[in-house]
$ cat upload.cif   # mmCIF, C-alpha atoms and all ligand atoms
data_query
#
loop_
_atom_site.label_atom_id
_atom_site.label_comp_id
_atom_site.auth_asym_id
_atom_site.auth_seq_id
_atom_site.Cartn_x
_atom_site.Cartn_y
_atom_site.Cartn_z
CA MET A 126 8.56 -13.60 50.37
CA LYS A 127 5.52 -15.27 51.84
CA ILE A 128 5.31 -17.08 55.17
CA LEU A 129 3.19 -20.19 54.55
CA LYS A 130 3.52 -21.62 58.05
CA PRO A 131 4.08 -19.31 61.01
CA ARG A 132 6.43 -21.78 62.74
CA TYR A 133 9.40 -19.67 61.66
CA ARG A 134 9.47 -16.01 60.76
CA PRO A 135 12.56 -14.18 59.44
CA ASP A 136 12.84 -12.20 62.67
CA THR A 137 13.02 -15.43 64.69
CA PHE A 138 14.77 -17.75 62.24
CA PHE A 139 17.88 -15.67 61.48
CA PRO A 140 18.69 -14.93 65.16
CA LEU A 141 18.29 -18.67 65.86
CA LEU A 142 20.68 -19.37 62.99
CA ALA A 143 23.18 -16.86 64.36
CA GLU A 144 23.31 -18.69 67.70
CA ALA A 145 23.33 -22.23 66.28
CA PRO A 146 26.20 -24.58 67.19
CA ALA A 147 25.93 -26.20 63.73
CA ARG A 148 24.25 -25.13 60.49
CA ALA A 149 23.36 -26.72 57.19
CA LEU A 150 21.99 -25.18 54.02
CA LEU A 151 20.60 -27.79 51.61
CA LEU A 152 19.87 -26.67 48.07
CA ASP A 153 18.19 -28.09 45.02
CA TYR A 154 19.71 -26.91 41.74
CA ASP A 155 17.39 -26.66 38.68
CA GLY A 156 14.58 -24.17 39.18
CA THR A 157 16.00 -23.19 42.56
CA LEU A 158 19.56 -21.92 42.06
CA ALA A 159 19.32 -21.88 38.26
CA PRO A 160 16.48 -20.95 35.90
CA PHE A 161 15.18 -23.67 33.58
CA ARG A 162 16.65 -23.70 30.09
CA LEU A 163 15.52 -25.70 27.07
CA GLU A 164 19.16 -26.73 26.69
CA ARG A 165 19.68 -28.45 30.02
CA ASP A 166 23.46 -28.23 29.77
CA GLU A 167 23.20 -24.43 29.65
CA ALA A 168 21.25 -24.02 32.90
CA VAL A 169 23.73 -21.95 34.90
CA PRO A 170 22.91 -20.26 38.23
CA TYR A 171 21.07 -16.93 38.42
CA PRO A 172 23.47 -13.95 38.43
CA GLY A 173 24.85 -13.49 41.93
CA VAL A 174 24.14 -17.02 43.16
CA ARG A 175 27.66 -18.34 42.56
CA GLU A 176 29.18 -15.40 44.40
CA ALA A 177 26.79 -15.82 47.33
CA LEU A 178 27.49 -19.57 47.60
CA ASP A 179 31.25 -19.13 47.23
CA ALA A 180 31.15 -16.58 50.08
CA LEU A 181 29.10 -18.94 52.22
CA ILE A 182 31.34 -21.96 51.63
CA GLU A 183 34.53 -19.97 52.11
CA ALA A 184 33.29 -18.49 55.40
CA GLY A 185 33.16 -22.07 56.73
CA HIS A 186 30.22 -21.48 59.08
CA THR A 187 27.66 -23.63 57.25
CA ARG A 188 27.62 -27.17 55.88
CA THR A 189 26.42 -26.48 52.34
CA ALA A 190 25.04 -29.30 50.20
CA VAL A 191 23.45 -29.39 46.77
CA ILE A 192 20.84 -32.14 46.40
CA SER A 193 19.73 -32.64 42.80
CA GLY A 194 18.02 -35.02 40.44
CA ARG A 195 20.90 -34.45 38.01
CA ALA A 196 23.86 -36.79 37.89
CA THR A 197 26.73 -35.30 39.92
CA GLN A 198 29.13 -35.16 36.96
CA ASP A 199 26.64 -33.04 34.98
CA LEU A 200 25.81 -30.79 37.88
CA LEU A 201 29.24 -29.66 39.04
CA PRO A 202 30.38 -27.86 35.84
CA LEU A 203 27.08 -25.94 35.76
CA LEU A 204 27.32 -25.01 39.41
CA GLY A 205 30.81 -23.62 38.72
CA LEU A 206 31.80 -22.83 42.32
CA ARG A 207 35.35 -22.14 43.48
CA HIS A 208 35.10 -24.99 46.00
CA THR A 209 33.07 -28.10 45.26
CA PRO A 210 30.38 -28.41 47.93
CA GLU A 211 28.93 -31.63 49.26
CA THR A 212 26.81 -32.86 46.34
CA TRP A 213 24.06 -35.46 46.23
CA GLY A 214 23.19 -36.49 42.67
CA THR A 215 20.44 -38.59 41.08
CA HIS A 216 17.94 -38.05 43.91
CA GLY A 217 20.23 -39.32 46.67
CA TRP A 218 21.84 -42.28 44.88
CA GLU A 219 25.18 -40.53 44.41
CA ARG A 220 27.08 -38.67 47.09
CA LEU A 221 30.19 -36.58 46.63
CA GLY A 222 31.56 -35.35 49.95
CA ALA A 223 33.09 -31.91 50.41
CA ASP A 224 36.31 -33.94 50.97
CA GLY A 225 36.05 -35.36 47.42
CA ARG A 226 34.97 -38.86 48.46
CA TYR A 227 32.46 -40.23 45.94
CA ARG A 228 29.98 -43.03 46.55
CA VAL A 229 27.16 -44.55 44.51
CA ALA A 230 24.68 -46.80 46.25
CA SER A 231 24.44 -50.29 44.82
CA LEU A 232 21.38 -50.93 42.70
CA PRO A 233 19.24 -54.04 42.22
CA PRO A 234 20.40 -55.77 38.98
CA ALA A 235 16.81 -56.29 37.81
CA ALA A 236 16.13 -52.56 38.05
CA LEU A 237 19.29 -51.75 36.07
CA GLU A 238 18.29 -54.24 33.37
CA ALA A 239 14.90 -52.56 33.10
CA LEU A 240 16.51 -49.11 32.75
CA GLU A 241 18.76 -50.42 29.96
CA ALA A 242 15.73 -51.88 28.19
CA LEU A 243 14.04 -48.48 28.44
CA VAL A 244 17.12 -46.75 26.98
CA ALA A 245 17.05 -49.17 24.03
CA ARG A 246 13.35 -48.48 23.49
CA LEU A 247 13.73 -44.70 23.67
CA GLY A 248 16.64 -44.86 21.22
CA LYS A 249 14.35 -46.59 18.72
CA ALA A 250 11.46 -44.17 19.40
CA GLY A 251 13.39 -41.27 17.86
CA LEU A 252 13.55 -39.26 21.07
CA GLU A 253 17.20 -38.28 20.84
CA GLY A 254 18.11 -35.41 23.14
CA ARG A 255 14.85 -35.83 25.07
CA TRP A 256 15.95 -38.57 27.43
CA GLU A 257 18.75 -38.80 29.91
CA ARG A 258 20.32 -41.89 31.47
CA LYS A 259 21.43 -41.27 35.05
CA PRO A 260 23.05 -43.72 37.49
CA ALA A 261 19.70 -44.80 38.97
CA SER A 262 17.07 -43.51 36.57
CA VAL A 263 16.04 -42.49 33.08
CA ALA A 264 14.44 -39.06 32.69
CA LEU A 265 12.29 -37.89 29.80
CA HIS A 266 12.23 -34.14 29.22
CA TRP A 267 9.42 -32.45 27.30
CA ARG A 268 9.97 -28.81 28.22
CA GLY A 269 9.21 -26.64 25.19
CA LEU A 270 7.22 -29.32 23.31
CA PRO A 271 3.52 -28.97 22.41
CA GLU A 272 1.16 -30.62 24.88
CA ALA A 273 0.24 -33.46 22.49
CA ALA A 274 3.87 -34.46 21.96
CA ALA A 275 4.52 -34.31 25.70
CA GLY A 276 1.47 -36.52 26.25
CA GLU A 277 2.82 -39.10 23.79
CA MET A 278 6.15 -39.17 25.58
CA ARG A 279 4.43 -39.62 28.90
CA GLU A 280 2.35 -42.51 27.52
CA GLU A 281 5.50 -44.16 26.18
CA MET A 282 7.05 -44.07 29.65
CA VAL A 283 3.90 -45.20 31.47
CA GLY A 284 3.39 -48.01 28.93
CA PHE A 285 6.91 -49.26 29.44
CA TRP A 286 6.57 -49.15 33.23
CA GLU A 287 3.22 -50.97 33.16
CA GLY A 288 4.77 -53.68 31.00
CA LEU A 289 7.50 -54.49 33.50
CA ALA A 290 7.25 -57.86 35.20
CA ASP A 291 8.23 -56.37 38.56
CA ARG A 292 7.18 -52.76 38.87
CA SER A 293 8.08 -52.61 42.56
CA ARG A 294 11.75 -51.85 41.88
CA LEU A 295 11.10 -48.80 39.73
CA ALA A 296 8.82 -45.82 40.26
CA LEU A 297 7.56 -43.12 37.92
CA LYS A 298 8.13 -39.62 39.25
CA PRO A 299 6.77 -36.53 37.56
CA PHE A 300 8.89 -33.39 37.73
CA ASP A 301 8.60 -29.91 36.28
CA GLY A 302 9.01 -30.49 32.53
CA GLY A 303 9.10 -34.27 32.35
CA ILE A 304 8.91 -37.64 34.00
CA GLU A 305 11.52 -39.96 35.42
CA LEU A 306 11.67 -43.71 35.95
CA SER A 307 13.77 -44.21 39.07
CA VAL A 308 15.01 -47.11 41.13
CA VAL A 309 12.95 -47.23 44.33
CA GLY A 310 14.71 -46.78 47.66
CA ARG A 311 16.23 -43.33 47.57
CA ASP A 312 14.95 -39.83 47.06
CA LYS A 313 15.95 -36.35 48.17
CA GLY A 314 14.42 -37.13 51.56
CA PHE A 315 17.02 -39.86 52.03
CA ALA A 316 19.79 -37.30 51.56
CA VAL A 317 18.15 -34.94 54.06
CA ARG A 318 17.65 -37.69 56.67
CA THR A 319 21.29 -38.79 56.31
CA ILE A 320 22.57 -35.23 56.78
CA LEU A 321 20.25 -34.65 59.78
CA GLU A 322 21.56 -37.82 61.46
CA GLU A 323 25.14 -36.71 60.88
CA LEU A 324 24.52 -33.20 62.23
CA GLY A 325 22.76 -33.94 65.48
CA SER A 326 19.59 -32.40 66.82
CA ASP A 327 20.87 -28.93 67.76
CA ALA A 328 21.81 -27.92 64.20
CA VAL A 329 19.78 -25.29 62.34
CA VAL A 330 18.96 -26.59 58.87
CA ALA A 331 17.15 -25.21 55.84
CA TYR A 332 16.24 -26.86 52.54
CA LEU A 333 15.45 -24.82 49.41
CA GLY A 334 13.73 -26.45 46.43
CA ASP A 335 11.18 -25.85 43.69
CA ASP A 336 9.93 -29.16 42.38
CA LEU A 337 7.66 -32.05 43.36
CA THR A 338 10.73 -34.18 44.14
CA ASP A 339 11.72 -31.54 46.71
CA GLU A 340 8.54 -32.27 48.65
CA ASP A 341 10.24 -35.54 49.77
CA ALA A 342 12.99 -33.38 51.22
CA PHE A 343 10.52 -30.99 52.89
CA ALA A 344 8.76 -33.99 54.46
CA ALA A 345 12.05 -35.49 55.65
CA LEU A 346 13.07 -32.18 57.22
CA GLY A 347 9.69 -31.83 58.92
CA GLU A 348 9.93 -30.02 62.22
CA SER A 349 13.74 -30.31 62.19
CA GLY A 350 14.32 -27.31 59.97
CA LEU A 351 13.05 -24.63 57.61
CA SER A 352 11.59 -25.74 54.27
CA VAL A 353 11.60 -23.11 51.55
CA LEU A 354 9.79 -23.32 48.22
CA VAL A 355 11.68 -21.35 45.54
CA ARG A 356 9.70 -20.73 42.35
CA GLY A 357 7.94 -18.05 40.38
CA GLU A 358 4.46 -19.32 41.20
CA LEU A 359 3.15 -20.69 44.45
CA ARG A 360 1.73 -24.22 44.43
CA GLU A 361 0.52 -26.62 47.08
CA THR A 362 3.51 -27.45 49.25
CA ALA A 363 4.65 -28.60 52.66
CA ALA A 364 7.21 -25.75 52.76
CA ASP A 365 7.32 -23.08 55.48
CA TRP A 366 8.23 -20.15 53.25
CA TRP A 367 7.89 -19.26 49.58
CA LEU A 368 10.61 -17.24 47.83
CA GLU A 369 10.51 -15.87 44.28
CA PRO A 370 13.86 -16.19 42.52
CA PRO A 371 16.20 -14.61 41.87
CA GLY A 372 15.75 -11.51 44.07
CA GLU A 373 14.29 -13.14 47.18
CA LEU A 374 16.64 -16.12 46.84
CA LEU A 375 19.70 -13.87 46.77
CA ASN A 376 18.34 -11.92 49.70
CA PHE A 377 17.90 -15.17 51.66
CA LEU A 378 21.46 -16.32 50.91
CA GLU A 379 22.86 -12.93 51.89
CA ARG A 380 20.85 -12.84 55.11
CA TRP A 381 22.03 -16.35 55.95
CA ASN A 382 25.65 -15.37 55.46
CA ALA A 383 25.25 -12.13 57.40
CA ALA A 384 23.55 -13.90 60.32
CA CYS A 385 26.37 -16.40 60.63
CA GLY A 386 29.08 -13.74 60.45
CA GLU A 387 32.59 -14.98 60.96
CA ALA A 388 33.32 -18.68 61.18
CA PRO A 389 32.96 -19.88 64.80
MG MG B 401 14.49 -28.31 40.99
#

$ encode --input "upload.cif" --output "structure tokens"
Amino acid sequence: MKILKPRYRPDTFFPLLAEAPARALLLDYDGTLAPFRLERDEAVPYPGVREALDALIEAGHTRTAVISGRATQDLLPLLGLRHTPETWGTHGWERLGADGRYRVASLPPAALEALEALVARLGKAGLEGRWERKPASVALHWRGLPEAAAGEMREEMVGFWEGLADRSRLALKPFDGGIELSVVGRDKGFAVRTILEELGSDAVVAYLGDDLTDEDAFAALGESGLSVLVRGELRETAADWWLEPPGELLNFLERWNAACGEAP
């Protein structure tokens, strides 16, 4: 583990967590809890992660939420936990509460029409299995492809976006292994801000993520919590700490659970 910003250190953070009146652990999925797989529907958590999260959720001491770019319905079977945690899908557009209540934010019709037009174009471009339609976005995945082929896919997406009459409703977002055209207005930072408002200012909160889209969440958390970059290689980030999965991730989850002890 590496401390990138000295604001929190393990010997100060975990005691603070132990004393906290409320706690939240916010987690990205792909690249953070689960290693990347060429077959995206086979990306299951690192060994030990399910057990650690099940223990955390069952102890009842921490509001646990998964905040992912995946659609919620694709994420939950992969996560495979005994109790479904609060889940934010499609970069904050979908929310499934721990109580089972599901909500999708309403989307501008013009943006939805544009996404459908993109789906039709990708279908014709012979990119089967490389694109994914989500409730508020279309993602192109080029993990495992040669650089030239990935470049062509990227150009296809950029060309489509530049051809839109009103580009303001949709934004291109790069992520690790692809690019996504998303409806503007929500991101992972939105999910974090919403949770922070619901928790109140005395809660101790951490967010763990690996990707560029997680930087929105780190920024939203700001001084209100601990931001943790989880990935094999360090990159420029706003996070406070850097953990290498799976060993340091599991250690973090175990320390969190141990610090909180029994449910208050
Ligand atoms: Mg990720």

$ residues_near_ligand --input "upload.cif" --ligand "ligand MG 401 (chain B)" --cutoff "9 Å" --atoms "all atoms listed in the file" --output "list in words"
Asp153, Tyr154, Asp155, Gly156, Thr157, Leu158, Ala159, Phe161, Ser193, Gly194, Phe300, Asp301, Gly334, Asp335, Asp336, Leu337, Thr338, Asp339 and Val355 of chain A

$ atom_distance --input "upload.cif" --atom1 "atom CA of Gly350 of chain A" --atom2 "atom CA of Ala331 of chain A"
5.4 Å

$ closest_atom_pairs --input "upload.cif" --of "segment 256-291 of chain A" --to "segment 224-239 of chain A" --cutoff "12 Å" --atoms "only C-alpha atoms" --output "tab-separated table"
residue	atom	partner	partner_atom	distance
A:Arg258	CA	A:Leu237	CA	10.9
A:Lys259	CA	A:Leu237	CA	10.7
A:Pro260	CA	A:Val229	CA	8.2
A:Ala261	CA	A:Leu232	CA	7.4
A:Ser262	CA	A:Leu237	CA	8.5
A:Val263	CA	A:Ala239	CA	10.1
A:Phe285	CA	A:Ala239	CA	9.4
A:Trp286	CA	A:Ala239	CA	9.0
A:Glu287	CA	A:Ala239	CA	11.8
A:Gly288	CA	A:Ala239	CA	10.4
A:Leu289	CA	A:Ala239	CA	7.7
A:Ala290	CA	A:Ala239	CA	9.5
A:Asp291	CA	A:Ala235	CA	8.6

$ closest_residue --input "upload.cif" --among "A:His186, A:His208, A:Arg311, A:Arg175" --to "Ala143 of chain A" --atoms "only C-alpha atoms"
A:His186

$ atom_distance --input "upload.cif" --atom1 "atom CA of Asn382 of chain A" --atom2 "atom CA of Thr189 of chain A"
11.6 Å

$ atom_distance --input "upload.cif" --atom1 "atom CA of Ala264 of chain A" --atom2 "atom CA of Ala223 of chain A"
26.7 Å

$ residues_around --input "upload.cif" --residues "Glu277 of chain A" --least-positions-apart "6" --cutoff "12 Å" --atoms "all atoms listed in the file" --output "list of chain:residue names"
A:Ala250, A:Leu252, A:Leu265, A:His266, A:Trp267, A:Leu270, A:Pro271, A:Val283, A:Gly284, A:Gly303, A:Ile304
